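A.B. asks: Next up is a structure, given as structure tokens.
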Amino acid sequence: MAGDFAALCRKSVDYHDDLTRNIKTVRVSQDLFDDLADDAEEARIAIAAENALRIPSLQPFITRPFDYGTVISYSFESAHWQQTRYSDGRDYGVWYGALDLKTTVYETVFHWHRFLMDSFPDETAEVIGERRVFDVRCDALLIDARDDKSREPRLIDRKSYAFTQSFGRYIAGQQQNGVLAPSARCEGAIAAVFNPARLSNVRDKTQLTYRCAPAVDRVVVERTAGRAWLSLSPSELY
């Protein structure tokens, strides 16, 4: 199998552009001082006190917890390693992004819907999931496997991660920065990045709302709250 992996690594790209990251969040954050302040002036004083005690950061978008801190770092923290397409979750984490917004939607709708079906398979009431999407700068030499899906269909196997997890272990062992690969859920491309130092400059892109009744084969995606942007059939992603 090492020969298959070496063949996939023959092509690379010097990538200097944004990748799109789509994570769970809420559109409107809870006011952390709502039970401490009775009026606007008290709230202002509480916020000023909290700001005065916070340790300053030269890169608040990346390092400040509770806001942007997890956008890059979360995937690489050992406590959060998990089985994904390019990692078996034992020795390293992988950060995932995509080259366009719609690809992140197809990928995350699949995983969200699978969670709903595992948890509430017969639920007919609407379940709402809220997402926050970021642009993240990537400057890295990446393996370019985007054109290899016909020659190596195991890259986009929808049922098994066995081949791609082994490929990911090979990439990690070769100390490669990461790989650009075809998405298994749509015609787009994803990025699996193994080196956090190659990621920077986190910026807000948009917010999304996913709406789905798990027992109904339809997920409606909103960019503007209350206005449908995309409508997907999850069964077509499996």
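Ligands are numbered from 1 in the order shown, chains are lettered A, B, ... in the order of the structure tokens, and residues start at 1 in each chain.
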Give me the residues within 10 Å of Ala197 of chain A as number ranges by chain, counting only C-alpha atoms and dropping any in the same chain fewer than 3 places off.

C.D. replies: A: 72-73, 138-140, 177, 193-194, 200

A.B. asks: For the residues in the current selection, export C-alpha atoms as a PDB file, in the first residue's frame.

C.D. replies:
```pdb
ATOM      1  CA  ILE A  72      -7.193  26.457  14.366  1.00  0.00           C
ATOM      2  CA  SER A  73      -5.982  24.973  17.631  1.00  0.00           C
ATOM      3  CA  CYS A 138      -3.043  28.586   4.466  1.00  0.00           C
ATOM      4  CA  ASP A 139       0.561  28.939   3.301  1.00  0.00           C
ATOM      5  CA  ALA A 140       1.960  25.477   2.669  1.00  0.00           C
ATOM      6  CA  ASN A 177       1.875  19.712   5.735  1.00  0.00           C
ATOM      7  CA  VAL A 193      -3.908  20.052   7.167  1.00  0.00           C
ATOM      8  CA  PHE A 194      -1.500  18.320   9.554  1.00  0.00           C
ATOM      9  CA  SER A 200      -3.193  31.827  10.203  1.00  0.00           C
TER      10      SER A 200
END
```

A.B. asks: Taking into account only C-alpha atoms, which residue in the set A:Val13, A:Leu230, A:Ala172, A:Asp4 is nearest to Pro153 of chain A?

C.D. replies: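 Residue with the minimum atom-to-atom distance to Pro153 of chain A: A:Asp4.
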
A.B. asks: What is the atom CA of Lys159 of chain A-atom CA of Arg131 of chain A distance in Å, reported with one decimal?

C.D. replies: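 Result for atom CA of Lys159 of chain A versus atom CA of Arg131 of chain A: 25.1 Å, one decimal.
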
A.B. asks: Which of segment 35-223 of chain A end up as strand (DSSP E or B) when DSSP is run on this backbone - answer as a ChimeraX atom specification?

C.D. replies: /A:84,87,95-98,127-144,178-182,189-193,199-212,219-222

A.B. asks: Generate the output file for the selected residues, N, CA and C atoms, as a compact mmCIF listing (two decimals), in the first residue's frame.

C.D. replies:
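Output file part26.txt is given in full below:
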```txt
# COMPACT_ATOMS: atom_id res chain seq x y z
N THR A 84 -11.31 10.59 12.06
CA THR A 84 -11.81 11.36 10.94
C THR A 84 -11.33 10.68 9.66
N SER A 87 -7.44 10.57 9.89
CA SER A 87 -6.79 10.23 11.16
C SER A 87 -7.61 9.18 11.90
N TRP A 95 -6.76 19.10 10.80
CA TRP A 95 -7.65 20.26 10.62
C TRP A 95 -8.25 20.18 9.22
N TYR A 96 -9.57 20.35 9.13
CA TYR A 96 -10.25 20.25 7.85
C TYR A 96 -10.86 21.58 7.43
N GLY A 97 -10.65 21.92 6.17
CA GLY A 97 -11.29 23.06 5.55
C GLY A 97 -11.69 22.67 4.14
N ALA A 98 -12.21 23.62 3.41
CA ALA A 98 -12.59 23.36 2.02
C ALA A 98 -12.22 24.56 1.18
N VAL A 127 -35.28 20.20 14.04
CA VAL A 127 -34.09 20.42 14.84
C VAL A 127 -33.26 21.49 14.14
N ILE A 128 -32.73 22.43 14.92
CA ILE A 128 -31.98 23.54 14.35
C ILE A 128 -30.52 23.46 14.79
N GLY A 129 -29.63 23.58 13.83
CA GLY A 129 -28.19 23.65 14.11
C GLY A 129 -27.63 24.94 13.56
N GLU A 130 -26.83 25.63 14.35
CA GLU A 130 -26.26 26.90 13.92
C GLU A 130 -24.75 26.75 13.72
N ARG A 131 -24.23 27.41 12.69
CA ARG A 131 -22.84 27.25 12.28
C ARG A 131 -22.18 28.62 12.10
N ARG A 132 -20.89 28.64 12.29
CA ARG A 132 -20.09 29.83 12.02
C ARG A 132 -19.00 29.43 11.04
N VAL A 133 -18.82 30.23 10.00
CA VAL A 133 -17.88 29.89 8.94
C VAL A 133 -16.78 30.95 8.89
N PHE A 134 -15.55 30.47 8.75
CA PHE A 134 -14.38 31.35 8.76
C PHE A 134 -13.55 31.14 7.50
N ASP A 135 -12.87 32.19 7.09
CA ASP A 135 -11.77 32.07 6.14
C ASP A 135 -10.48 32.00 6.94
N VAL A 136 -9.62 31.04 6.60
CA VAL A 136 -8.35 30.85 7.29
C VAL A 136 -7.25 30.79 6.24
N ARG A 137 -6.23 31.57 6.42
CA ARG A 137 -5.13 31.59 5.47
C ARG A 137 -4.29 30.33 5.61
N CYS A 138 -3.93 29.75 4.48
CA CYS A 138 -3.04 28.59 4.47
C CYS A 138 -1.87 28.90 3.55
N ASP A 139 -0.67 28.77 4.08
CA ASP A 139 0.56 28.94 3.30
C ASP A 139 1.38 27.67 3.48
N ALA A 140 1.32 26.78 2.49
CA ALA A 140 1.96 25.48 2.67
C ALA A 140 2.14 24.78 1.33
N LEU A 141 3.15 23.94 1.29
CA LEU A 141 3.30 22.99 0.19
C LEU A 141 2.42 21.79 0.53
N LEU A 142 1.38 21.56 -0.26
CA LEU A 142 0.41 20.51 0.01
C LEU A 142 0.42 19.45 -1.08
N ILE A 143 0.22 18.20 -0.68
CA ILE A 143 0.00 17.12 -1.67
C ILE A 143 -1.29 17.46 -2.41
N ASP A 144 -1.28 17.31 -3.72
CA ASP A 144 -2.46 17.64 -4.52
C ASP A 144 -3.04 16.36 -5.12
N GLY A 178 0.08 18.60 4.55
CA GLY A 178 -1.31 18.22 4.37
C GLY A 178 -1.61 17.86 2.93
N VAL A 179 -2.90 17.71 2.64
CA VAL A 179 -3.32 17.24 1.32
C VAL A 179 -4.58 17.97 0.88
N LEU A 180 -4.62 18.30 -0.41
CA LEU A 180 -5.85 18.73 -1.05
C LEU A 180 -6.44 17.51 -1.74
N ALA A 181 -7.70 17.22 -1.47
CA ALA A 181 -8.31 15.97 -1.95
C ALA A 181 -9.74 16.22 -2.37
N PRO A 182 -10.29 15.35 -3.20
CA PRO A 182 -11.71 15.51 -3.57
C PRO A 182 -12.62 15.24 -2.38
N ALA A 189 -13.63 20.25 -3.32
CA ALA A 189 -12.37 19.75 -2.78
C ALA A 189 -12.21 20.18 -1.33
N ILE A 190 -11.56 19.32 -0.55
CA ILE A 190 -11.30 19.62 0.86
C ILE A 190 -9.79 19.69 1.09
N ALA A 191 -9.43 20.28 2.20
CA ALA A 191 -8.03 20.33 2.62
C ALA A 191 -7.92 19.66 3.98
N ALA A 192 -6.98 18.74 4.12
CA ALA A 192 -6.67 18.13 5.40
C ALA A 192 -5.27 18.59 5.77
N VAL A 193 -5.17 19.43 6.80
CA VAL A 193 -3.91 20.05 7.17
C VAL A 193 -3.39 19.42 8.45
N LEU A 199 -1.30 27.55 9.15
CA LEU A 199 -2.61 28.21 9.17
C LEU A 199 -2.53 29.50 9.97
N SER A 200 -3.24 30.54 9.51
CA SER A 200 -3.19 31.83 10.20
C SER A 200 -4.36 32.70 9.76
N ASN A 201 -4.43 33.89 10.33
CA ASN A 201 -5.33 34.96 9.88
C ASN A 201 -6.78 34.50 9.76
N VAL A 202 -7.36 34.17 10.89
CA VAL A 202 -8.76 33.73 10.94
C VAL A 202 -9.69 34.93 10.80
N ARG A 203 -10.65 34.83 9.89
CA ARG A 203 -11.61 35.92 9.67
C ARG A 203 -13.02 35.36 9.53
N ASP A 204 -13.99 36.09 10.05
CA ASP A 204 -15.38 35.68 9.87
C ASP A 204 -15.77 35.74 8.40
N LYS A 205 -16.51 34.72 7.95
CA LYS A 205 -17.02 34.71 6.58
C LYS A 205 -18.54 34.85 6.57
N THR A 206 -19.24 33.98 7.30
CA THR A 206 -20.69 34.05 7.35
C THR A 206 -21.19 33.17 8.48
N GLN A 207 -22.47 33.22 8.74
CA GLN A 207 -23.13 32.32 9.67
C GLN A 207 -24.21 31.55 8.91
N LEU A 208 -24.47 30.33 9.37
CA LEU A 208 -25.44 29.46 8.72
C LEU A 208 -26.37 28.86 9.76
N THR A 209 -27.57 28.52 9.31
CA THR A 209 -28.51 27.76 10.13
C THR A 209 -28.93 26.53 9.35
N TYR A 210 -28.85 25.36 9.99
CA TYR A 210 -29.32 24.11 9.39
C TYR A 210 -30.64 23.74 10.06
N ARG A 211 -31.63 23.39 9.24
CA ARG A 211 -32.94 22.99 9.77
C ARG A 211 -33.30 21.62 9.20
N CYS A 212 -33.68 20.71 10.10
CA CYS A 212 -33.99 19.35 9.65
C CYS A 212 -34.88 18.65 10.66
N VAL A 219 -32.61 18.78 4.46
CA VAL A 219 -31.98 19.79 5.31
C VAL A 219 -32.02 21.11 4.56
N VAL A 220 -32.58 22.12 5.21
CA VAL A 220 -32.62 23.47 4.64
C VAL A 220 -31.52 24.29 5.30
N VAL A 221 -30.72 24.95 4.48
CA VAL A 221 -29.60 25.75 4.96
C VAL A 221 -29.91 27.22 4.71
N GLU A 222 -29.74 28.04 5.75
CA GLU A 222 -29.97 29.48 5.66
C GLU A 222 -28.67 30.24 5.88
```

A.B. asks: Which residue, A:Pro196, A:Leu8, A:Met1, A:Gly188, has the smallest gap to Ser75 of chain A when you use only C-alpha atoms?

C.D. replies: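 So, comparing all the options, the nearest one is A:Pro196.
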
A.B. asks: Write out as a list in words which residues come within 9 Å of segment 78-80 of chain A when counting only C-alpha atoms, dropping same-chain ones fewer than 4 positions away.

C.D. replies: Tyr74, Gly89, Arg90, Asp91, Tyr92 and Gly93 of chain A

A.B. asks: Give the helix (DSSP H, G or I) residues of segment 23-230 of chain A, as DSSP finds them on the backbone, and put them as a short mmCIF file (atom, residue, chain, number, x, y, z; two decimals) with N, CA and C atoms, in the first residue's frame.

C.D. replies:
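The new file result.cif reads:
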```cif
data_model
loop_
_atom_site.label_atom_id
_atom_site.label_comp_id
_atom_site.auth_asym_id
_atom_site.auth_seq_id
_atom_site.Cartn_x
_atom_site.Cartn_y
_atom_site.Cartn_z
N ALA A 40 -27.63 49.08 32.07
CA ALA A 40 -26.55 49.21 31.09
C ALA A 40 -25.25 49.67 31.74
N GLU A 41 -25.33 50.55 32.73
CA GLU A 41 -24.11 51.05 33.36
C GLU A 41 -23.39 49.95 34.14
N GLU A 42 -24.16 49.12 34.85
CA GLU A 42 -23.55 48.00 35.56
C GLU A 42 -22.93 47.01 34.58
N ALA A 43 -23.60 46.77 33.46
CA ALA A 43 -23.06 45.87 32.44
C ALA A 43 -21.76 46.42 31.89
N ARG A 44 -21.69 47.74 31.65
CA ARG A 44 -20.46 48.37 31.13
C ARG A 44 -19.31 48.17 32.11
N ILE A 45 -19.57 48.34 33.40
CA ILE A 45 -18.53 48.17 34.41
C ILE A 45 -18.06 46.71 34.46
N ALA A 46 -18.99 45.75 34.38
CA ALA A 46 -18.62 44.33 34.41
C ALA A 46 -17.77 43.96 33.20
N ILE A 47 -18.14 44.47 32.03
CA ILE A 47 -17.36 44.16 30.82
C ILE A 47 -15.98 44.78 30.91
N ALA A 48 -15.88 46.01 31.43
CA ALA A 48 -14.58 46.66 31.58
C ALA A 48 -13.69 45.89 32.55
N ALA A 49 -14.27 45.39 33.63
CA ALA A 49 -13.50 44.61 34.59
C ALA A 49 -13.00 43.30 33.96
N GLU A 50 -13.86 42.65 33.18
CA GLU A 50 -13.46 41.40 32.52
C GLU A 50 -12.33 41.66 31.53
N ASN A 51 -12.42 42.75 30.78
CA ASN A 51 -11.38 43.08 29.81
C ASN A 51 -10.06 43.41 30.50
N ALA A 52 -10.13 44.06 31.66
CA ALA A 52 -8.91 44.45 32.37
C ALA A 52 -8.15 43.24 32.89
N LEU A 53 -8.85 42.16 33.18
CA LEU A 53 -8.22 40.97 33.75
C LEU A 53 -7.76 39.98 32.69
N PRO A 60 -5.36 37.53 18.85
CA PRO A 60 -6.59 37.17 19.55
C PRO A 60 -7.51 36.28 18.73
N PHE A 61 -7.50 36.39 17.39
CA PHE A 61 -8.37 35.55 16.58
C PHE A 61 -8.00 34.08 16.70
N ILE A 62 -6.72 33.81 17.01
CA ILE A 62 -6.25 32.43 17.07
C ILE A 62 -6.19 31.92 18.50
N THR A 63 -5.75 32.77 19.45
CA THR A 63 -5.42 32.27 20.78
C THR A 63 -6.47 32.57 21.84
N THR A 70 -10.60 28.26 19.03
CA THR A 70 -10.70 26.87 18.59
C THR A 70 -10.63 26.71 17.08
N VAL A 71 -10.66 27.80 16.34
CA VAL A 71 -10.77 27.68 14.89
C VAL A 71 -9.58 26.92 14.30
N ILE A 72 -8.38 27.18 14.83
CA ILE A 72 -7.19 26.46 14.37
C ILE A 72 -6.75 25.42 15.39
N SER A 73 -6.66 25.81 16.65
CA SER A 73 -5.98 24.97 17.63
C SER A 73 -6.74 23.71 18.03
N TYR A 74 -8.06 23.76 18.02
CA TYR A 74 -8.87 22.67 18.58
C TYR A 74 -8.50 21.32 17.97
N SER A 75 -8.38 21.24 16.67
CA SER A 75 -8.15 19.96 16.00
C SER A 75 -6.82 19.33 16.37
N PHE A 76 -5.86 20.16 16.83
CA PHE A 76 -4.51 19.66 17.09
C PHE A 76 -4.26 19.37 18.57
N SER A 78 -4.45 17.22 21.79
CA SER A 78 -4.56 15.77 21.94
C SER A 78 -5.86 15.35 22.60
N ALA A 79 -6.41 16.20 23.47
CA ALA A 79 -7.67 15.85 24.14
C ALA A 79 -8.82 15.77 23.15
N HIS A 80 -8.65 16.35 21.97
CA HIS A 80 -9.74 16.43 21.00
C HIS A 80 -9.47 15.60 19.76
N LEU A 101 -17.35 27.54 0.08
CA LEU A 101 -18.35 27.47 1.14
C LEU A 101 -19.30 26.29 0.97
N LYS A 102 -19.78 26.04 -0.24
CA LYS A 102 -20.77 24.99 -0.43
C LYS A 102 -20.21 23.61 -0.08
N THR A 103 -18.94 23.39 -0.36
CA THR A 103 -18.35 22.10 0.00
C THR A 103 -18.36 21.90 1.51
N THR A 104 -18.09 22.95 2.29
CA THR A 104 -18.16 22.81 3.75
C THR A 104 -19.58 22.48 4.19
N VAL A 105 -20.57 22.99 3.47
CA VAL A 105 -21.97 22.70 3.82
C VAL A 105 -22.28 21.23 3.57
N TYR A 106 -21.94 20.72 2.41
CA TYR A 106 -22.20 19.31 2.11
C TYR A 106 -21.51 18.39 3.12
N GLU A 107 -20.25 18.70 3.43
CA GLU A 107 -19.50 17.87 4.38
C GLU A 107 -20.12 17.91 5.77
N THR A 108 -20.43 19.11 6.28
CA THR A 108 -20.93 19.21 7.65
C THR A 108 -22.39 18.80 7.77
N VAL A 109 -23.20 18.99 6.73
CA VAL A 109 -24.57 18.50 6.77
C VAL A 109 -24.58 16.98 6.91
N PHE A 110 -23.69 16.31 6.20
CA PHE A 110 -23.62 14.85 6.33
C PHE A 110 -23.37 14.43 7.78
N HIS A 111 -22.35 15.02 8.40
CA HIS A 111 -21.99 14.62 9.77
C HIS A 111 -23.07 15.03 10.76
N TRP A 112 -23.67 16.20 10.58
CA TRP A 112 -24.74 16.66 11.47
C TRP A 112 -25.96 15.75 11.35
N HIS A 113 -26.34 15.44 10.13
CA HIS A 113 -27.51 14.59 9.93
C HIS A 113 -27.28 13.18 10.48
N ARG A 114 -26.07 12.66 10.32
CA ARG A 114 -25.76 11.34 10.86
C ARG A 114 -25.89 11.35 12.38
N PHE A 115 -25.44 12.42 13.04
CA PHE A 115 -25.60 12.55 14.49
C PHE A 115 -27.09 12.57 14.86
N LEU A 116 -27.89 13.33 14.10
CA LEU A 116 -29.32 13.38 14.39
C LEU A 116 -29.97 12.02 14.23
N MET A 117 -29.60 11.29 13.19
CA MET A 117 -30.20 9.98 12.96
C MET A 117 -29.78 8.98 14.03
N ASP A 118 -28.57 9.11 14.54
CA ASP A 118 -28.12 8.24 15.63
C ASP A 118 -28.86 8.56 16.92
N SER A 119 -29.19 9.84 17.11
CA SER A 119 -29.76 10.29 18.38
C SER A 119 -31.29 10.35 18.37
N PRO A 153 -10.34 5.51 -6.22
CA PRO A 153 -11.68 5.79 -5.69
C PRO A 153 -11.77 5.66 -4.17
N ARG A 154 -10.80 4.99 -3.54
CA ARG A 154 -10.84 4.87 -2.08
C ARG A 154 -10.67 6.23 -1.38
N LEU A 155 -10.19 7.24 -2.11
CA LEU A 155 -10.10 8.58 -1.53
C LEU A 155 -11.48 9.13 -1.18
N ILE A 156 -12.50 8.71 -1.92
CA ILE A 156 -13.84 9.25 -1.70
C ILE A 156 -14.83 8.16 -1.30
N ALA A 162 -10.81 3.49 5.98
CA ALA A 162 -9.62 2.66 6.19
C ALA A 162 -8.45 3.12 5.32
N PHE A 163 -8.70 3.33 4.04
CA PHE A 163 -7.61 3.72 3.14
C PHE A 163 -7.11 5.13 3.47
N THR A 164 -8.02 6.08 3.63
CA THR A 164 -7.59 7.45 3.87
C THR A 164 -6.93 7.63 5.23
N GLN A 165 -7.35 6.87 6.24
CA GLN A 165 -6.67 6.94 7.53
C GLN A 165 -5.25 6.41 7.42
N SER A 166 -5.07 5.34 6.66
CA SER A 166 -3.71 4.83 6.44
C SER A 166 -2.88 5.83 5.64
N PHE A 167 -3.50 6.46 4.66
CA PHE A 167 -2.82 7.49 3.88
C PHE A 167 -2.45 8.67 4.78
N GLY A 168 -3.36 9.05 5.68
CA GLY A 168 -3.07 10.13 6.61
C GLY A 168 -1.90 9.80 7.51
N ARG A 169 -1.82 8.56 7.98
CA ARG A 169 -0.69 8.16 8.82
C ARG A 169 0.61 8.23 8.02
N TYR A 170 0.54 7.86 6.75
CA TYR A 170 1.71 7.95 5.88
C TYR A 170 2.14 9.42 5.72
N ILE A 171 1.16 10.30 5.49
CA ILE A 171 1.46 11.73 5.34
C ILE A 171 2.10 12.27 6.61
N ALA A 172 1.52 11.92 7.76
CA ALA A 172 2.08 12.39 9.03
C ALA A 172 3.49 11.87 9.24
N GLY A 173 3.72 10.61 8.89
CA GLY A 173 5.06 10.03 9.03
C GLY A 173 6.08 10.68 8.13
N PRO A 196 -0.30 22.91 12.17
CA PRO A 196 -1.02 24.15 12.51
C PRO A 196 -0.24 25.41 12.18
N ALA A 197 1.10 25.30 12.08
CA ALA A 197 1.91 26.48 11.78
C ALA A 197 1.66 27.01 10.38
N ARG A 198 1.02 26.22 9.55
CA ARG A 198 0.75 26.64 8.18
C ARG A 198 -0.59 27.38 8.04
#
```
